[in-house]
Amino acid sequence: MIRTVEHPHLPLQKEIRQALLSVEHIHLETCLFFDIETTGFSPRTAMIQQICLLHFSNPEEPELLHYFCNEVDDERPVLEAFFAQIHANTTLIHYNGNTFDLPFLKKRAQYHRLPLPASLNNGLDLYHTLRKLKPFLALPDFKLKTLEQQFGYQRLDSLSGKDVVSQYEAFMMEKLSKGTENQERLALLSAHNMEDVLATWQIASALTYRICPDDLNVTEHSQKKALQGKAKGAYPFPLTISQEFATISYDTTSVELQIPVFEGKLYHFYPDYENYYYLPEEDYAIHKSVGSFVDASHRKKATAKTCYTPAQGTFLPIPKKTFQDTPFTGTGKPMTFFQKENRSPLYYLPISSLNETDFFLYRTAIWNAVWDHI
């Protein structure tokens with residue numbers, strides 16, 4: 001087994017550290033980025049040829065460890081060395097590792113009768129995290145190399161996955177037949193594995209999009225009939241995510257949140273409509289305890305569609321679940337929501353009902369809802 005150690009300079013370390021903590025609640029010191037290379041797709045007939053990992057036990061000096069099987073019986077010690085780096089609080093970060101790397105590791109460990117680290121499944125697969133962005137990116141596929149280009153990562157090696165398999169076979173055949181190691185092939189193979197890990201680190205910067213900046217203060221823009229807020233930031237590439245209730249637009253140095261304001265008539269619907277009368281002339285519903293005193297010719301039994309109290313004013317949109325999950329304080333009264341029609345999943349809040357604390361909660365809630373609705 002060949003073990004090499006490097007201390008790479010990592011871009012965006014501050015930003016990715018903050019994003020991991022804010023979005024995924026993961027401390028960088030416990031993270032282990034990794035990638036494996038194998039001799040084939042099936043762990044029944046193939047084996048691991050190399051494993052590379054990036055860890056932050058000392059955040060001031062990140063360490064890139066690389067294990068290479070340069071002997072036919074090196075797979076077991078390579079697995080043991082890798083597993084030794086996985087501690088109880090380790091979070092494994094990988095790209096599509098849930099589909100390939102982890103199942104392969106488990107099968108090969110089973111073959112060698114090696115116990116698995118308890119936290120092997122404690123991880124973050126950036127492939128599944130980033131697939132949310134697929135509708136907003138004009139990419140032909142979601143392969144790691146494709147995303148590297150999107151994120152501006154300049155890979156130094158040019159090997160494909162097939163090349164890595166054939167080059168490793170040639171390396172081992174030459175060693176077995178001549179007893180020498182081709183250092184050029186070894187360097188190419190090792191570089192590819194290391195580049196995969198460093199690229200995975202780079203695309204983790206996508207998590208920075210999820211963070212709502214503290215200094216993003218939304219204010220009303222009368223001409224656009226919207227609330228707008230803009231803040232400085234650092235993002236890998238321009239991106240716009242639009243929902244019915246808000247739009248977030250990023251460029252590489254700033255971000256803008258725009259929320260459409262509704263001006264007009266909306267309705268607060270009561271769910272227990274069987275306990276209400278609808279007054280057509282007044283266009284609102286009243287409880288039967290009061291409505292029983294109204295002349296029968298001026299009232300009707302309320303239905304789900306007519307059991308409401310209307311309101312005229314200026315409103316802000318908010319998805320139903322977001323409203324239910326946000327602890328608005330209101331102006332001392334329970335927060336009342338309005339809708340355009342019954343059963344609509346989009347609620348509206350009167351701007352006048354939001355105090356300063358509520359505006360901060362609303363801004364953050366809407367930001368998160370934009371992402372949650374992707």
# chains A, B, ... in the order shown; residues from 1 in each chain; ligands from 1
>>> residues_around(residues="Ala304 in chain A", least_positions_apart="5", cutoff="9 Å", atoms="only C-alpha atoms", output="ChimeraX atom specification")
/A:269-274,342-343
>>> residues_around(residues="Pro350 in chain A", least_positions_apart="4", cutoff="10 Å", atoms="only C-alpha atoms", output="ChimeraX atom specification")
/A:261-263,266,311-317,335-338,354
>>> closest_atom_pairs(of="range 218-329 of chain A", to="range 130-140 of chain A", cutoff="12 Å", atoms="only C-alpha atoms", output="CSV")
residue,atom,partner,partner_atom,distance
A:Phe237,CA,A:Leu137,CA,10.4
A:Pro238,CA,A:Leu137,CA,10.0
A:Leu239,CA,A:Phe136,CA,7.3
A:Thr240,CA,A:Phe136,CA,7.2
A:Ile241,CA,A:Phe136,CA,6.9
A:Ser242,CA,A:Phe136,CA,9.3
A:Gln243,CA,A:Phe136,CA,11.9
A:Ile248,CA,A:Phe136,CA,11.8
A:Ser249,CA,A:Phe136,CA,11.4
>>> closest_residue(among="A:Ile26, A:Val5, A:Leu20, A:Ala170", to="Thr90 in chain A", atoms="only C-alpha atoms")
A:Ile26
>>> residues_around(residues="Thr99 in chain A", least_positions_apart="5", cutoff="12 Å", atoms="only C-alpha atoms", output="number ranges by chain")
A: 41, 94, 104-106, 125-128
>>> write_last_selection(atoms="N, CA, C and O atoms", output="PDB file, in the first residue's frame")
ATOM      1  N   PHE A  41     -17.329  -2.215 -11.864  1.00  0.00           N
ATOM      2  CA  PHE A  41     -18.557  -1.725 -11.247  1.00  0.00           C
ATOM      3  C   PHE A  41     -19.092  -2.628 -10.142  1.00  0.00           C
ATOM      4  O   PHE A  41     -19.686  -2.162  -9.184  1.00  0.00           O
ATOM      5  N   HIS A  94     -19.678  13.097   0.098  1.00  0.00           N
ATOM      6  CA  HIS A  94     -19.284  12.438  -1.152  1.00  0.00           C
ATOM      7  C   HIS A  94     -20.217  12.868  -2.263  1.00  0.00           C
ATOM      8  O   HIS A  94     -21.214  13.576  -2.031  1.00  0.00           O
ATOM      9  N   PHE A 104     -20.269  -0.291  -2.391  1.00  0.00           N
ATOM     10  CA  PHE A 104     -19.058  -1.014  -2.796  1.00  0.00           C
ATOM     11  C   PHE A 104     -18.155  -1.252  -1.594  1.00  0.00           C
ATOM     12  O   PHE A 104     -17.638  -2.360  -1.387  1.00  0.00           O
ATOM     13  N   LEU A 105     -17.956  -0.219  -0.783  1.00  0.00           N
ATOM     14  CA  LEU A 105     -17.119  -0.353   0.412  1.00  0.00           C
ATOM     15  C   LEU A 105     -17.659  -1.437   1.348  1.00  0.00           C
ATOM     16  O   LEU A 105     -16.898  -2.248   1.892  1.00  0.00           O
ATOM     17  N   LYS A 106     -18.969  -1.437   1.520  1.00  0.00           N
ATOM     18  CA  LYS A 106     -19.577  -2.404   2.442  1.00  0.00           C
ATOM     19  C   LYS A 106     -19.386  -3.839   1.941  1.00  0.00           C
ATOM     20  O   LYS A 106     -19.082  -4.743   2.731  1.00  0.00           O
ATOM     21  N   ASP A 125     -24.697  13.237   0.787  1.00  0.00           N
ATOM     22  CA  ASP A 125     -24.449  12.960  -0.622  1.00  0.00           C
ATOM     23  C   ASP A 125     -24.773  14.218  -1.417  1.00  0.00           C
ATOM     24  O   ASP A 125     -25.941  14.573  -1.598  1.00  0.00           O
ATOM     25  N   LEU A 126     -23.756  14.904  -1.892  1.00  0.00           N
ATOM     26  CA  LEU A 126     -23.957  16.167  -2.603  1.00  0.00           C
ATOM     27  C   LEU A 126     -24.702  15.968  -3.918  1.00  0.00           C
ATOM     28  O   LEU A 126     -25.336  16.908  -4.417  1.00  0.00           O
ATOM     29  N   TYR A 127     -24.662  14.780  -4.452  1.00  0.00           N
ATOM     30  CA  TYR A 127     -25.416  14.510  -5.687  1.00  0.00           C
ATOM     31  C   TYR A 127     -26.908  14.748  -5.448  1.00  0.00           C
ATOM     32  O   TYR A 127     -27.575  15.430  -6.227  1.00  0.00           O
ATOM     33  N   HIS A 128     -27.431  14.194  -4.373  1.00  0.00           N
ATOM     34  CA  HIS A 128     -28.858  14.350  -4.080  1.00  0.00           C
ATOM     35  C   HIS A 128     -29.181  15.774  -3.643  1.00  0.00           C
ATOM     36  O   HIS A 128     -30.265  16.295  -3.924  1.00  0.00           O
TER      37      HIS A 128
END
>>> atom_distance(atom1="CA of Cys31 in chain A", atom2="CA of His112 in chain A")
26.1 Å
>>> select_by_dssp(residues="range 183-298 of chain A", states="strand (DSSP E or B)", output="VMD selection string")
chain A and resid 219 to 221 226 to 232 239 to 243 246 to 250 254 to 260 262 to 269 276 to 279 284 to 287
>>> atom_distance(atom1="CA of Leu144 in chain A", atom2="CA of Leu32 in chain A")
17.9 Å
>>> residues_around(residues="Leu54 in chain A", least_positions_apart="3", cutoff="6 Å", atoms="only C-alpha atoms", output="ChimeraX atom specification")
/A:32-33,63-64
>>> residues_around(residues="range 291-302 of chain A", least_positions_apart="6", cutoff="9 Å", atoms="only C-alpha atoms", output="mmCIF file with N, CA and C atoms, in the first residue's frame")
data_model
loop_
_atom_site.group_PDB
_atom_site.id
_atom_site.type_symbol
_atom_site.label_atom_id
_atom_site.label_comp_id
_atom_site.auth_asym_id
_atom_site.auth_seq_id
_atom_site.Cartn_x
_atom_site.Cartn_y
_atom_site.Cartn_z
ATOM 1 N N TYR A 273 -67.767 25.444 8.418
ATOM 2 C CA TYR A 273 -68.792 26.251 7.742
ATOM 3 C C TYR A 273 -70.217 25.860 8.121
ATOM 4 N N GLU A 274 -70.401 24.631 8.611
ATOM 5 C CA GLU A 274 -71.755 24.200 9.002
ATOM 6 C C GLU A 274 -72.292 24.988 10.198
ATOM 7 N N ASN A 275 -71.405 25.698 10.886
ATOM 8 C CA ASN A 275 -71.818 26.512 12.039
ATOM 9 C C ASN A 275 -72.000 27.983 11.681
ATOM 10 N N TYR A 276 -72.048 28.287 10.364
ATOM 11 C CA TYR A 276 -72.123 29.675 9.930
ATOM 12 C C TYR A 276 -73.273 29.898 8.947
ATOM 13 N N TYR A 277 -73.713 31.173 8.916
ATOM 14 C CA TYR A 277 -74.612 31.657 7.869
ATOM 15 C C TYR A 277 -73.822 32.599 6.975
ATOM 16 N N TYR A 278 -74.186 32.598 5.693
ATOM 17 C CA TYR A 278 -73.590 33.548 4.754
ATOM 18 C C TYR A 278 -74.609 34.638 4.466
ATOM 19 N N LEU A 279 -74.174 35.896 4.542
ATOM 20 C CA LEU A 279 -75.031 37.035 4.267
ATOM 21 C C LEU A 279 -74.669 37.586 2.891
ATOM 22 N N PRO A 280 -75.442 37.278 1.861
ATOM 23 C CA PRO A 280 -75.087 37.671 0.481
ATOM 24 C C PRO A 280 -74.942 39.184 0.291
ATOM 25 N N GLU A 281 -75.824 39.953 0.910
ATOM 26 C CA GLU A 281 -75.782 41.400 0.702
ATOM 27 C C GLU A 281 -74.527 42.021 1.312
ATOM 28 N N ALA A 285 -69.614 35.862 6.244
ATOM 29 C CA ALA A 285 -70.293 34.837 7.032
ATOM 30 C C ALA A 285 -70.261 35.226 8.504
ATOM 31 N N TYR A 308 -66.591 32.940 4.911
ATOM 32 C CA TYR A 308 -65.394 33.766 5.011
ATOM 33 C C TYR A 308 -65.715 35.155 5.546
#
>>> residues_around(residues="Phe245 in chain A", least_positions_apart="2", cutoff="10 Å", atoms="only C-alpha atoms", output="ChimeraX atom specification")
/A:242-243,247,258-261,316-319,346-348,366,369-370
>>> write_last_selection(atoms="all heavy atoms", output="short mmCIF file (atom, residue, chain, number, x, y, z; two decimals), in the first residue's frame")
data_model
loop_
_atom_site.label_atom_id
_atom_site.label_comp_id
_atom_site.auth_asym_id
_atom_site.auth_seq_id
_atom_site.Cartn_x
_atom_site.Cartn_y
_atom_site.Cartn_z
N SER A 242 -37.31 30.88 -8.90
CA SER A 242 -38.60 31.58 -8.79
C SER A 242 -39.69 30.64 -8.33
O SER A 242 -39.80 29.50 -8.80
CB SER A 242 -38.99 32.18 -10.15
OG SER A 242 -38.10 33.21 -10.52
N GLN A 243 -40.47 31.13 -7.40
CA GLN A 243 -41.70 30.47 -6.96
C GLN A 243 -42.84 31.49 -7.08
O GLN A 243 -42.61 32.68 -7.29
CB GLN A 243 -41.57 29.98 -5.52
CG GLN A 243 -40.38 29.07 -5.25
CD GLN A 243 -40.50 27.70 -5.89
OE1 GLN A 243 -41.50 27.39 -6.53
NE2 GLN A 243 -39.47 26.88 -5.74
N THR A 247 -38.95 35.29 -5.46
CA THR A 247 -37.86 34.98 -6.37
C THR A 247 -36.54 35.35 -5.70
O THR A 247 -36.41 36.44 -5.12
CB THR A 247 -37.99 35.76 -7.69
OG1 THR A 247 -39.19 35.35 -8.36
CG2 THR A 247 -36.80 35.50 -8.60
N GLN A 258 -36.99 39.01 -3.91
CA GLN A 258 -38.14 39.83 -4.32
C GLN A 258 -39.43 39.07 -4.02
O GLN A 258 -39.60 37.92 -4.43
CB GLN A 258 -38.05 40.18 -5.81
CG GLN A 258 -39.16 41.11 -6.26
CD GLN A 258 -38.86 41.73 -7.62
OE1 GLN A 258 -37.82 42.35 -7.82
NE2 GLN A 258 -39.77 41.55 -8.56
N ILE A 259 -40.32 39.74 -3.29
CA ILE A 259 -41.59 39.14 -2.88
C ILE A 259 -42.74 39.99 -3.42
O ILE A 259 -42.83 41.18 -3.10
CB ILE A 259 -41.70 39.07 -1.33
CG1 ILE A 259 -40.48 38.34 -0.75
CG2 ILE A 259 -42.99 38.38 -0.92
CD1 ILE A 259 -40.35 38.50 0.75
N PRO A 260 -43.60 39.42 -4.26
CA PRO A 260 -44.71 40.21 -4.81
C PRO A 260 -45.71 40.61 -3.72
O PRO A 260 -46.04 39.82 -2.84
CB PRO A 260 -45.35 39.27 -5.83
CG PRO A 260 -45.00 37.89 -5.34
CD PRO A 260 -43.65 38.02 -4.71
N VAL A 261 -46.16 41.84 -3.78
CA VAL A 261 -47.17 42.35 -2.84
C VAL A 261 -48.53 42.30 -3.53
O VAL A 261 -48.66 42.71 -4.69
CB VAL A 261 -46.84 43.79 -2.42
CG1 VAL A 261 -47.98 44.39 -1.60
CG2 VAL A 261 -45.54 43.82 -1.61
N LEU A 316 -48.94 40.08 1.96
CA LEU A 316 -47.73 39.37 1.57
C LEU A 316 -48.01 37.88 1.49
O LEU A 316 -48.67 37.32 2.39
CB LEU A 316 -46.61 39.61 2.59
CG LEU A 316 -46.11 41.05 2.72
CD1 LEU A 316 -45.09 41.14 3.86
CD2 LEU A 316 -45.49 41.52 1.42
N PRO A 317 -47.52 37.18 0.45
CA PRO A 317 -47.80 35.75 0.29
C PRO A 317 -46.92 34.90 1.20
O PRO A 317 -45.78 35.26 1.52
CB PRO A 317 -47.46 35.50 -1.18
CG PRO A 317 -46.37 36.49 -1.47
CD PRO A 317 -46.71 37.72 -0.66
N ILE A 318 -47.46 33.76 1.59
CA ILE A 318 -46.68 32.79 2.36
C ILE A 318 -47.34 31.41 2.19
O ILE A 318 -48.56 31.28 2.33
CB ILE A 318 -46.61 33.17 3.86
CG1 ILE A 318 -45.69 32.22 4.62
CG2 ILE A 318 -47.99 33.23 4.50
CD1 ILE A 318 -45.36 32.69 6.03
N PRO A 319 -46.57 30.37 1.85
CA PRO A 319 -47.15 29.03 1.73
C PRO A 319 -47.77 28.57 3.06
O PRO A 319 -47.31 28.94 4.13
CB PRO A 319 -45.95 28.15 1.35
CG PRO A 319 -44.97 29.10 0.73
CD PRO A 319 -45.15 30.38 1.48
N LEU A 346 -51.69 28.72 -0.82
CA LEU A 346 -50.95 29.96 -0.61
C LEU A 346 -51.77 30.90 0.28
O LEU A 346 -52.90 31.26 -0.04
CB LEU A 346 -50.65 30.64 -1.95
CG LEU A 346 -49.67 31.81 -1.91
CD1 LEU A 346 -48.30 31.35 -1.41
CD2 LEU A 346 -49.53 32.44 -3.29
N TYR A 347 -51.20 31.25 1.41
CA TYR A 347 -51.81 32.18 2.33
C TYR A 347 -51.28 33.59 2.08
O TYR A 347 -50.25 33.78 1.42
CB TYR A 347 -51.51 31.80 3.78
CG TYR A 347 -52.23 30.58 4.30
CD1 TYR A 347 -53.08 29.83 3.51
CD2 TYR A 347 -52.04 30.17 5.63
CE1 TYR A 347 -53.72 28.71 4.01
CE2 TYR A 347 -52.68 29.05 6.14
CZ TYR A 347 -53.52 28.33 5.33
OH TYR A 347 -54.16 27.22 5.83
N TYR A 348 -51.98 34.58 2.65
CA TYR A 348 -51.54 35.97 2.59
C TYR A 348 -51.67 36.59 3.97
O TYR A 348 -52.64 36.33 4.69
CB TYR A 348 -52.37 36.76 1.58
CG TYR A 348 -52.09 36.40 0.15
CD1 TYR A 348 -52.73 35.32 -0.46
CD2 TYR A 348 -51.18 37.13 -0.61
CE1 TYR A 348 -52.47 34.97 -1.77
CE2 TYR A 348 -50.91 36.79 -1.94
CZ TYR A 348 -51.56 35.71 -2.51
OH TYR A 348 -51.29 35.38 -3.81
N ILE A 366 -39.71 32.93 4.14
CA ILE A 366 -39.93 32.94 2.70
C ILE A 366 -38.69 32.47 1.96
O ILE A 366 -38.76 31.70 0.98
CB ILE A 366 -40.34 34.36 2.24
CG1 ILE A 366 -41.78 34.65 2.65
CG2 ILE A 366 -40.20 34.50 0.72
CD1 ILE A 366 -42.82 33.74 2.00
N ALA A 369 -38.61 28.83 2.25
CA ALA A 369 -39.72 28.22 1.49
C ALA A 369 -39.40 28.15 0.01
O ALA A 369 -39.81 27.20 -0.68
CB ALA A 369 -41.00 29.03 1.73
N VAL A 370 -38.73 29.15 -0.53
CA VAL A 370 -38.32 29.12 -1.94
C VAL A 370 -37.53 27.84 -2.23
O VAL A 370 -37.76 27.14 -3.22
CB VAL A 370 -37.50 30.36 -2.32
CG1 VAL A 370 -36.86 30.20 -3.70
CG2 VAL A 370 -38.37 31.61 -2.29
#
>>> closest_residue(among="A:Gln149, A:Ser166, A:Thr4, A:Asn58", to="Thr38 in chain A", atoms="only C-alpha atoms")
A:Ser166
>>> closest_residue(among="A:Asn217, A:Ser352, A:Ser289, A:Asn121", to="Asp101 in chain A", atoms="only C-alpha atoms")
A:Asn121
>>> residues_around(residues="Pro236 in chain A", least_positions_apart="4", cutoff="10 Å", atoms="only C-alpha atoms", output="list in words")
Leu12, Gln150, Phe151, Gly152, Tyr153, Gln202, Ile203, Ser205, Ala206, Thr208, Tyr209, Tyr250, Asp251, Thr252 and Thr253 of chain A
>>> closest_residue(among="A:Leu176, A:Leu257, A:Val23, A:Ala191", to="Leu216 in chain A", atoms="only C-alpha atoms")
A:Leu257
>>> closest_residue(among="A:Glu61, A:Asp283, A:Asp215, A:Glu220", to="Ser254 in chain A", atoms="only C-alpha atoms")
A:Asp215
